[in-house]
$ cat run.pdb   # PDB, C-alpha atoms, pLDDT in the B column
ATOM      1  CA  MET A 925       9.864   0.700  17.689  1.00 71.00           C
ATOM      2  CA  VAL A 926       7.279   2.318  15.430  1.00 86.00           C
ATOM      3  CA  ARG A 927       4.607   3.578  17.848  1.00 90.00           C
ATOM      4  CA  GLU A 928       6.241   6.947  18.525  1.00 93.00           C
ATOM      5  CA  PRO A 929       7.141   7.702  14.894  1.00 95.00           C
ATOM      6  CA  ALA A 930       3.670   6.524  13.812  1.00 95.00           C
ATOM      7  CA  GLN A 931       2.054   9.025  16.188  1.00 96.00           C
ATOM      8  CA  ALA A 932       4.110  11.807  14.565  1.00 95.00           C
ATOM      9  CA  VAL A 933       2.733  11.027  11.080  1.00 97.00           C
ATOM     10  CA  PRO A 934       0.262  13.823  10.273  1.00 98.00           C
ATOM     11  CA  ASP A 935      -3.354  12.649  10.189  1.00 98.00           C
ATOM     12  CA  THR A 936      -3.672  13.983   6.634  1.00 97.00           C
ATOM     13  CA  ILE A 937      -0.936  11.571   5.510  1.00 98.00           C
ATOM     14  CA  ALA A 938      -2.385   8.654   7.484  1.00 97.00           C
ATOM     15  CA  GLN A 939      -5.804   9.245   5.909  1.00 97.00           C
ATOM     16  CA  ARG A 940      -4.244   9.353   2.457  1.00 97.00           C
ATOM     17  CA  LEU A 941      -2.613   5.951   2.987  1.00 97.00           C
ATOM     18  CA  GLY A 942      -5.577   4.278   4.677  1.00 96.00           C
ATOM     19  CA  LYS A 943      -5.194   1.183   6.817  1.00 97.00           C
ATOM     20  CA  LEU A 944      -1.523   0.311   7.294  1.00 96.00           C
ATOM     21  CA  ARG A 945      -0.416  -2.874   9.025  1.00 96.00           C
ATOM     22  CA  VAL A 946       3.218  -2.961  10.156  1.00 96.00           C
ATOM     23  CA  LEU A 947       5.116  -6.215  10.699  1.00 94.00           C
ATOM     24  CA  ALA A 948       8.577  -6.097  12.308  1.00 93.00           C
ATOM     25  CA  VAL A 949      10.675  -9.100  11.274  1.00 95.00           C
ATOM     26  CA  PRO A 950      14.353 -10.042  11.717  1.00 93.00           C
ATOM     27  CA  TYR A 951      15.411  -9.947   8.031  1.00 92.00           C
ATOM     28  CA  ILE A 952      13.884  -9.626   4.560  1.00 93.00           C
ATOM     29  CA  GLU A 953      15.748 -11.787   2.063  1.00 92.00           C
ATOM     30  CA  CYS A 954      15.769 -11.101  -1.675  1.00 90.00           C
ATOM     31  CA  SER A 955      15.449 -14.404  -3.492  1.00 85.00           C
ATOM     32  CA  GLU A 956      14.597 -15.542  -7.005  1.00 85.00           C
ATOM     33  CA  ALA A 957      11.203 -16.660  -5.696  1.00 85.00           C
ATOM     34  CA  GLY A 958      10.527 -13.202  -4.231  1.00 87.00           C
ATOM     35  CA  ASP A 959      11.065 -11.455  -0.925  1.00 90.00           C
ATOM     36  CA  LEU A 960      11.111 -13.750   2.106  1.00 88.00           C
ATOM     37  CA  VAL A 961      11.099 -13.220   5.855  1.00 91.00           C
ATOM     38  CA  SER A 962      14.219 -14.795   7.330  1.00 90.00           C
ATOM     39  CA  PHE A 963      15.020 -15.422  10.980  1.00 90.00           C
ATOM     40  CA  SER A 964      18.758 -15.757  10.355  1.00 90.00           C
ATOM     41  CA  LYS A 965      20.967 -13.376   8.402  1.00 90.00           C
ATOM     42  CA  PRO A 966      20.674 -14.126   4.664  1.00 88.00           C
ATOM     43  CA  LYS A 967      23.849 -14.666   2.670  1.00 88.00           C
ATOM     44  CA  GLY A 968      22.643 -12.606  -0.281  1.00 86.00           C
ATOM     45  CA  GLU A 969      20.841  -9.310  -0.723  1.00 90.00           C
ATOM     46  CA  THR A 970      18.332  -8.014   1.790  1.00 89.00           C
ATOM     47  CA  HIS A 971      15.721  -5.271   2.004  1.00 90.00           C
ATOM     48  CA  SER A 972      15.144  -2.938   4.917  1.00 91.00           C
ATOM     49  CA  ALA A 973      11.434  -2.631   4.076  1.00 94.00           C
ATOM     50  CA  VAL A 974       8.891  -4.042   1.622  1.00 94.00           C
ATOM     51  CA  TRP A 975       5.142  -3.637   1.332  1.00 95.00           C
ATOM     52  CA  VAL A 976       2.127  -5.093  -0.355  1.00 94.00           C
ATOM     53  CA  GLU A 977      -0.719  -2.780  -1.328  1.00 95.00           C
ATOM     54  CA  MET A 978      -4.129  -4.402  -1.290  1.00 93.00           C
ATOM     55  CA  GLU A 979      -7.570  -2.914  -1.816  1.00 90.00           C
ATOM     56  CA  LYS A 980      -8.337  -2.298   1.864  1.00 93.00           C
ATOM     57  CA  GLN A 981      -4.899  -2.350   3.484  1.00 96.00           C
ATOM     58  CA  ILE A 982      -1.181  -1.847   3.021  1.00 97.00           C
ATOM     59  CA  SER A 983       1.041  -4.401   4.745  1.00 96.00           C
ATOM     60  CA  LEU A 984       4.467  -2.937   5.513  1.00 96.00           C
ATOM     61  CA  VAL A 985       7.241  -5.327   6.554  1.00 95.00           C
ATOM     62  CA  LEU A 986      10.275  -3.826   8.324  1.00 94.00           C
ATOM     63  CA  ALA A 987      13.551  -5.720   8.836  1.00 94.00           C
ATOM     64  CA  CYS A 988      14.796  -4.741  12.279  1.00 92.00           C
ATOM     65  CA  ARG A 989      17.354  -7.293  13.555  1.00 91.00           C
ATOM     66  CA  GLU A 990      20.400  -5.145  12.761  1.00 87.00           C
ATOM     67  CA  LEU A 991      18.788  -1.739  13.295  1.00 86.00           C
ATOM     68  CA  ASP A 992      18.329   0.084  16.568  1.00 89.00           C
ATOM     69  CA  ALA A 993      14.870   1.380  17.507  1.00 91.00           C
ATOM     70  CA  HIS A 994      15.563   4.846  16.061  1.00 92.00           C
ATOM     71  CA  ASP A 995      16.712   3.509  12.688  1.00 93.00           C
ATOM     72  CA  THR A 996      13.708   1.179  12.508  1.00 94.00           C
ATOM     73  CA  GLY A 997      11.461   4.157  13.266  1.00 94.00           C
ATOM     74  CA  PHE A 998      13.105   6.219  10.530  1.00 95.00           C
ATOM     75  CA  GLU A 999      12.777   3.320   8.063  1.00 96.00           C
ATOM     76  CA  PHE A1000       9.061   3.283   8.893  1.00 96.00           C
ATOM     77  CA  LEU A1001       8.784   7.034   8.168  1.00 97.00           C
ATOM     78  CA  ALA A1002      10.757   6.669   4.923  1.00 97.00           C
ATOM     79  CA  SER A1003       8.354   3.905   3.842  1.00 97.00           C
ATOM     80  CA  VAL A1004       5.361   6.115   4.670  1.00 98.00           C
ATOM     81  CA  ALA A1005       6.904   8.904   2.564  1.00 98.00           C
ATOM     82  CA  GLU A1006       7.461   6.479  -0.333  1.00 98.00           C
ATOM     83  CA  LEU A1007       3.849   5.293  -0.098  1.00 98.00           C
ATOM     84  CA  LEU A1008       2.589   8.888   0.017  1.00 98.00           C
ATOM     85  CA  ARG A1009       4.367  10.085  -3.146  1.00 98.00           C
ATOM     86  CA  PRO A1010       2.109   8.372  -5.727  1.00 97.00           C
ATOM     87  CA  ARG A1011      -0.918   9.555  -3.726  1.00 97.00           C
ATOM     88  CA  LEU A1012      -0.071  13.257  -4.087  1.00 97.00           C
ATOM     89  CA  SER A1013      -2.550  15.427  -5.928  1.00 97.00           C
ATOM     90  CA  GLY A1014      -1.474  17.255  -9.076  1.00 95.00           C
ATOM     91  CA  GLY A1015      -1.520  20.525  -7.129  1.00 97.00           C
ATOM     92  CA  GLU A1016       0.711  19.151  -4.371  1.00 97.00           C
ATOM     93  CA  MET A1017       3.220  17.799  -6.890  1.00 96.00           C
ATOM     94  CA  GLU A1018       3.145  21.155  -8.711  1.00 95.00           C
ATOM     95  CA  ARG A1019       3.946  23.074  -5.515  1.00 97.00           C
ATOM     96  CA  PHE A1020       6.904  20.838  -4.760  1.00 97.00           C
ATOM     97  CA  SER A1021       8.130  21.019  -8.379  1.00 95.00           C
ATOM     98  CA  LEU A1022       8.025  24.827  -8.308  1.00 95.00           C
ATOM     99  CA  LEU A1023      10.018  24.879  -5.079  1.00 96.00           C
ATOM    100  CA  LEU A1024      12.703  22.619  -6.606  1.00 95.00           C
ATOM    101  CA  GLU A1025      12.862  24.749  -9.761  1.00 92.00           C
ATOM    102  CA  GLU A1026      13.349  27.832  -7.614  1.00 93.00           C
ATOM    103  CA  GLU A1027      16.209  26.120  -5.767  1.00 94.00           C
ATOM    104  CA  LEU A1028      17.847  25.100  -9.050  1.00 91.00           C
ATOM    105  CA  ARG A1029      17.585  28.643 -10.423  1.00 88.00           C
ATOM    106  CA  ALA A1030      19.120  29.987  -7.196  1.00 90.00           C
ATOM    107  CA  GLY A1031      22.059  27.599  -7.567  1.00 90.00           C
ATOM    108  CA  VAL A1032      21.322  25.462  -4.511  1.00 91.00           C
ATOM    109  CA  THR A1033      23.557  22.437  -5.057  1.00 87.00           C
ATOM    110  CA  GLY A1034      23.017  20.469  -1.831  1.00 94.00           C
ATOM    111  CA  GLU A1035      20.167  18.107  -1.011  1.00 96.00           C
ATOM    112  CA  ILE A1036      18.453  16.503   1.940  1.00 94.00           C
ATOM    113  CA  ASP A1037      20.213  13.132   1.628  1.00 95.00           C
ATOM    114  CA  GLU A1038      22.548  11.126  -0.610  1.00 95.00           C
ATOM    115  CA  ASP A1039      19.810   9.646  -2.817  1.00 96.00           C
ATOM    116  CA  ALA A1040      18.296  13.059  -3.572  1.00 96.00           C
ATOM    117  CA  LEU A1041      21.756  14.546  -4.142  1.00 95.00           C
ATOM    118  CA  ALA A1042      22.615  11.820  -6.662  1.00 94.00           C
ATOM    119  CA  ALA A1043      19.309  12.410  -8.494  1.00 93.00           C
ATOM    120  CA  LYS A1044      19.960  16.171  -8.527  1.00 93.00           C
ATOM    121  CA  GLN A1045      23.505  16.067  -9.942  1.00 90.00           C
ATOM    122  CA  PRO A1046      22.522  15.689 -13.641  1.00 86.00           C
ATOM    123  CA  LEU A1047      20.389  18.844 -13.321  1.00 85.00           C
ATOM    124  CA  VAL A1048      22.883  21.103 -11.554  1.00 81.00           C
ATOM    125  CA  SER A1049      25.164  21.768 -14.514  1.00 71.00           C
ATOM    126  CA  THR A1050      22.480  21.840 -17.194  1.00 68.00           C
ATOM    127  CA  ARG A1051      19.493  23.989 -18.010  1.00 62.00           C
ATOM    128  CA  ILE A1052      17.166  20.991 -17.916  1.00 56.00           C
ATOM    129  CA  ARG A1053      14.005  21.815 -16.072  1.00 58.00           C
ATOM    130  CA  ARG A1054      10.846  19.933 -15.630  1.00 56.00           C
ATOM    131  CA  GLN A1055       8.889  20.206 -18.881  1.00 51.00           C
ATOM    132  CA  GLY A1056       8.260  16.480 -19.092  1.00 55.00           C
ATOM    133  CA  HIS A1057      11.901  15.691 -18.567  1.00 79.00           C
ATOM    134  CA  SER A1058      12.406  12.302 -16.918  1.00 87.00           C
ATOM    135  CA  ARG A1059      15.567  13.405 -15.074  1.00 87.00           C
ATOM    136  CA  PHE A1060      13.684  16.202 -13.337  1.00 90.00           C
ATOM    137  CA  GLU A1061      10.789  13.869 -12.500  1.00 93.00           C
ATOM    138  CA  ARG A1062      13.172  11.284 -11.041  1.00 94.00           C
ATOM    139  CA  TYR A1063      14.854  14.002  -8.992  1.00 94.00           C
ATOM    140  CA  ARG A1064      11.515  15.469  -7.868  1.00 95.00           C
ATOM    141  CA  ASP A1065      10.191  12.087  -6.749  1.00 97.00           C
ATOM    142  CA  THR A1066      13.381  11.155  -4.877  1.00 97.00           C
ATOM    143  CA  SER A1067      13.638  14.569  -3.282  1.00 97.00           C
ATOM    144  CA  PHE A1068       9.992  14.544  -2.209  1.00 98.00           C
ATOM    145  CA  VAL A1069      10.317  11.152  -0.501  1.00 98.00           C
ATOM    146  CA  SER A1070      13.504  12.225   1.301  1.00 97.00           C
ATOM    147  CA  THR A1071      12.017  15.577   2.310  1.00 98.00           C
ATOM    148  CA  ALA A1072       8.742  14.054   3.545  1.00 98.00           C
ATOM    149  CA  ALA A1073      10.638  11.441   5.585  1.00 97.00           C
ATOM    150  CA  GLU A1074      12.794  14.146   7.168  1.00 96.00           C
ATOM    151  CA  TYR A1075       9.721  16.309   7.816  1.00 97.00           C
ATOM    152  CA  MET A1076       8.062  13.490   9.778  1.00 97.00           C
ATOM    153  CA  HIS A1077      11.394  12.681  11.449  1.00 96.00           C
ATOM    154  CA  GLY A1078      11.514  16.269  12.741  1.00 94.00           C
ATOM    155  CA  LEU A1079       7.951  15.964  14.028  1.00 96.00           C
ATOM    156  CA  TRP A1080       8.883  12.773  15.877  1.00 95.00           C
ATOM    157  CA  HIS A1081      11.862  14.308  17.740  1.00 93.00           C
ATOM    158  CA  ASP A1082      14.456  17.065  17.527  1.00 89.00           C
ATOM    159  CA  VAL A1083      16.913  16.484  14.706  1.00 88.00           C
ATOM    160  CA  GLN A1084      20.338  17.907  14.029  1.00 84.00           C
ATOM    161  CA  VAL A1085      20.653  19.935  10.837  1.00 84.00           C
ATOM    162  CA  ARG A1086      23.659  18.832   8.793  1.00 86.00           C
ATOM    163  CA  VAL A1087      25.662  21.576   7.101  1.00 85.00           C
ATOM    164  CA  GLY A1088      28.107  21.501   4.234  1.00 87.00           C
ATOM    165  CA  PRO A1089      28.096  21.818   0.447  1.00 87.00           C
ATOM    166  CA  GLU A1090      26.372  18.461  -0.076  1.00 92.00           C
ATOM    167  CA  HIS A1091      23.498  19.385   2.286  1.00 94.00           C
ATOM    168  CA  LEU A1092      20.615  21.803   1.797  1.00 95.00           C
ATOM    169  CA  PRO A1093      21.341  25.282   3.151  1.00 94.00           C
ATOM    170  CA  VAL A1094      19.206  26.089   6.188  1.00 92.00           C
ATOM    171  CA  PRO A1095      16.968  28.649   4.379  1.00 94.00           C
ATOM    172  CA  ALA A1096      16.124  26.095   1.647  1.00 96.00           C
ATOM    173  CA  LEU A1097      15.509  23.383   4.239  1.00 95.00           C
ATOM    174  CA  ARG A1098      13.222  25.737   6.170  1.00 94.00           C
ATOM    175  CA  ARG A1099      11.205  26.534   3.001  1.00 96.00           C
ATOM    176  CA  ARG A1100      10.722  22.825   2.333  1.00 97.00           C
ATOM    177  CA  MET A1101       9.589  22.120   5.887  1.00 96.00           C
ATOM    178  CA  LYS A1102       7.149  25.053   5.752  1.00 96.00           C
ATOM    179  CA  LEU A1103       5.703  23.760   2.471  1.00 98.00           C
ATOM    180  CA  LEU A1104       5.246  20.250   3.860  1.00 98.00           C
ATOM    181  CA  ALA A1105       3.640  21.718   7.000  1.00 97.00           C
ATOM    182  CA  GLU A1106       1.168  23.620   4.811  1.00 97.00           C
ATOM    183  CA  MET A1107       0.312  20.535   2.761  1.00 97.00           C
ATOM    184  CA  PHE A1108       0.312  18.085   5.703  1.00 98.00           C
ATOM    185  CA  PRO A1109      -0.115  20.035   8.971  1.00 97.00           C
ATOM    186  CA  PRO A1110       1.351  18.497  12.128  1.00 97.00           C
ATOM    187  CA  ASN A1111      -1.004  16.781  14.545  1.00 96.00           C
ATOM    188  CA  PRO A1112      -1.936  18.673  17.732  1.00 94.00           C
ATOM    189  CA  GLY A1113       0.998  18.671  20.129  1.00 92.00           C
ATOM    190  CA  TYR A1114       3.617  18.395  17.355  1.00 93.00           C
ATOM    191  CA  SER A1115       5.541  21.255  15.772  1.00 91.00           C
ATOM    192  CA  VAL A1116       7.872  21.656  12.829  1.00 89.00           C
ATOM    193  CA  PHE A1117      10.169  24.244  14.384  1.00 81.00           C
ATOM    194  CA  ALA A1118      11.221  25.035  17.927  1.00 71.00           C
ATOM    195  CA  LYS A1119       9.021  27.744  19.472  1.00 65.00           C
ATOM    196  CA  GLU A1120      11.767  30.367  19.284  1.00 57.00           C
ATOM    197  CA  LEU A1121      12.163  29.734  15.521  1.00 54.00           C
ATOM    198  CA  GLU A1122       8.399  29.881  14.930  1.00 53.00           C
ATOM    199  CA  GLU A1123       8.306  33.301  16.590  1.00 52.00           C
ATOM    200  CA  GLU A1124      10.964  34.709  14.216  1.00 52.00           C
TER
END

$ encode --input "run.pdb" --output "structure tokens"
Amino acid sequence: MVREPAQAVPDTIAQRLGKLRVLAVPYIECSEAGDLVSFSKPKGETHSAVWVEMEKQISLVLACRELDAHDTGFEFLASVAELLRPRLSGGEMERFSLLLEEELRAGVTGEIDEDALAAKQPLVSTRIRRQGHSRFERYRDTSFVSTAAEYMHGLWHDVQVRVGPEHLPVPALRRRMKLLAEMFPPNPGYSVFAKELEEE
């Protein structure tokens, strides 16, 4: 379930995270006592992934009973992206922030997924930009995680680009993927774009 997507994670990201142990379990139950592994479907809230960061290792627990292998693989990549975000250097965060500011100035209203779109909405109709503004930081962090997950998803296998007003236009999506490829180059044998697109 996670071997193929794990091989697509760029080595530079894997090195940043360090040792990562992945446990696939049926369900992760949210309880008052904390998160619990459950072998039968919990009646209350559940998580799709949780992790514990220790000094020498991160233990990532993925709930997979109701997900197919692809969705479990994507959940793994989304967790890797979430773990990467606080490990970005100031320069990497600055580059991504500048790209988002450029998109906002250009009037790009779509986003890479629903979470990033929801975080972007308060910024679309205002002149709020990043100067220490918590709304921009929340949007930047959400957008980075979603973009990094989709970047690794595209390295894992061909993906279909979604179009429409709520989605990123193809030129903006391409700029994001190029930036991520510069910051975290694909492993040998993996590519961001199809060969015919790379030649353009």

$ resolve_selection --input "run.pdb" --expression "the PyMOL selection byres ((chain A and resi 989) around 8)" --output "list in words"
Val949, Pro950, Tyr951, Ala987, Cys988, Glu990 and Leu991 of chain A

$ atom_distance --input "run.pdb" --atom1 "atom CA of A:Val1094" --atom2 "atom CA of A:Thr936"
25.9 Å

$ closest_residue --input "run.pdb" --among "A:Pro934, A:Pro929, A:Gly1078, A:Pro966" --to "A:Glu953" --atoms "all atoms listed in the file"
A:Pro966

$ residues_around --input "run.pdb" --residues "stretch 1018-1027 of chain A" --least-positions-apart "4" --cutoff "9 Å" --atoms "all atoms listed in the file" --output "list in words"
Ser1013, Gly1014, Gly1031, Val1032, Thr1033, Arg1053, Arg1054, Phe1060, Glu1061, Arg1064, Ser1067, Phe1068, Ala1096, Arg1099, Arg1100, Leu1103 and Leu1104 of chain A

$ closest_residue --input "run.pdb" --among "A:Ala1040, A:Val985, A:Ala938, A:Ala1073" --to "A:Glu1006" --atoms "all atoms listed in the file"
A:Ala1073

$ atom_distance --input "run.pdb" --atom1 "atom CA of A:Trp975" --atom2 "atom CA of A:Gly1015"
26.5 Å

$ closest_residue --input "run.pdb" --among "A:Glu1016, A:Asp1037, A:Glu979, A:Glu999" --to "A:Met1076" --atoms "all atoms listed in the file"
A:Glu999

$ closest_residue --input "run.pdb" --among "A:Arg945, A:Lys1102, A:Glu956, A:Ala993" --to "A:Val974" --atoms "all atoms listed in the file"
A:Arg945

$ residues_around --input "run.pdb" --residues "A:Ser955" --least-positions-apart "6" --cutoff "9 Å" --atoms "all atoms listed in the file" --output "PyMOL selection string"
chain A and resi 968-970

$ build_atoms --input "run.pdb" --residues "stretch 1030-1051 of chain A" --atoms "N, CA and C atoms" --output "compact mmCIF listing (two decimals), in the frame of the given file"
# COMPACT_ATOMS: atom_id res chain seq x y z
N ALA A 1030 18.32 29.27 -8.19
CA ALA A 1030 19.12 29.99 -7.20
C ALA A 1030 20.51 29.37 -7.01
N GLY A 1031 20.75 28.23 -7.66
CA GLY A 1031 22.06 27.60 -7.57
C GLY A 1031 22.28 26.77 -6.31
N VAL A 1032 21.19 26.33 -5.69
CA VAL A 1032 21.32 25.46 -4.51
C VAL A 1032 21.80 24.09 -4.99
N THR A 1033 22.99 23.69 -4.57
CA THR A 1033 23.56 22.44 -5.06
C THR A 1033 23.37 21.27 -4.09
N GLY A 1034 23.17 21.54 -2.81
CA GLY A 1034 23.02 20.47 -1.83
C GLY A 1034 21.63 19.84 -1.88
N GLU A 1035 21.47 18.78 -1.10
CA GLU A 1035 20.17 18.11 -1.01
C GLU A 1035 19.98 17.54 0.38
N ILE A 1036 18.82 16.97 0.60
CA ILE A 1036 18.45 16.50 1.94
C ILE A 1036 19.13 15.19 2.32
N ASP A 1037 19.47 14.36 1.35
CA ASP A 1037 20.21 13.13 1.63
C ASP A 1037 20.97 12.69 0.37
N GLU A 1038 21.69 11.59 0.49
CA GLU A 1038 22.55 11.13 -0.61
C GLU A 1038 21.75 10.72 -1.85
N ASP A 1039 20.61 10.07 -1.66
CA ASP A 1039 19.81 9.65 -2.82
C ASP A 1039 19.31 10.85 -3.61
N ALA A 1040 18.79 11.86 -2.90
CA ALA A 1040 18.30 13.06 -3.57
C ALA A 1040 19.44 13.82 -4.23
N LEU A 1041 20.59 13.86 -3.57
CA LEU A 1041 21.76 14.55 -4.14
C LEU A 1041 22.19 13.88 -5.44
N ALA A 1042 22.23 12.55 -5.45
CA ALA A 1042 22.62 11.82 -6.66
C ALA A 1042 21.62 12.08 -7.79
N ALA A 1043 20.33 12.15 -7.47
CA ALA A 1043 19.31 12.41 -8.49
C ALA A 1043 19.38 13.85 -8.99
N LYS A 1044 19.88 14.75 -8.16
CA LYS A 1044 19.96 16.17 -8.53
C LYS A 1044 21.16 16.48 -9.42
N GLN A 1045 22.25 15.74 -9.26
CA GLN A 1045 23.50 16.07 -9.94
C GLN A 1045 23.37 16.29 -11.45
N PRO A 1046 22.63 15.45 -12.19
CA PRO A 1046 22.52 15.69 -13.64
C PRO A 1046 21.84 17.01 -14.00
N LEU A 1047 21.11 17.60 -13.04
CA LEU A 1047 20.39 18.84 -13.32
C LEU A 1047 21.17 20.09 -12.94
N VAL A 1048 22.17 19.94 -12.08
CA VAL A 1048 22.88 21.10 -11.55
C VAL A 1048 23.66 21.84 -12.64
N SER A 1049 24.31 21.12 -13.51
CA SER A 1049 25.16 21.77 -14.51
C SER A 1049 24.47 21.96 -15.86
N THR A 1050 23.19 21.67 -15.92
CA THR A 1050 22.48 21.84 -17.19
C THR A 1050 21.32 22.81 -17.01
N ARG A 1051 20.67 23.12 -18.09
CA ARG A 1051 19.49 23.99 -18.01
C ARG A 1051 18.20 23.17 -18.09
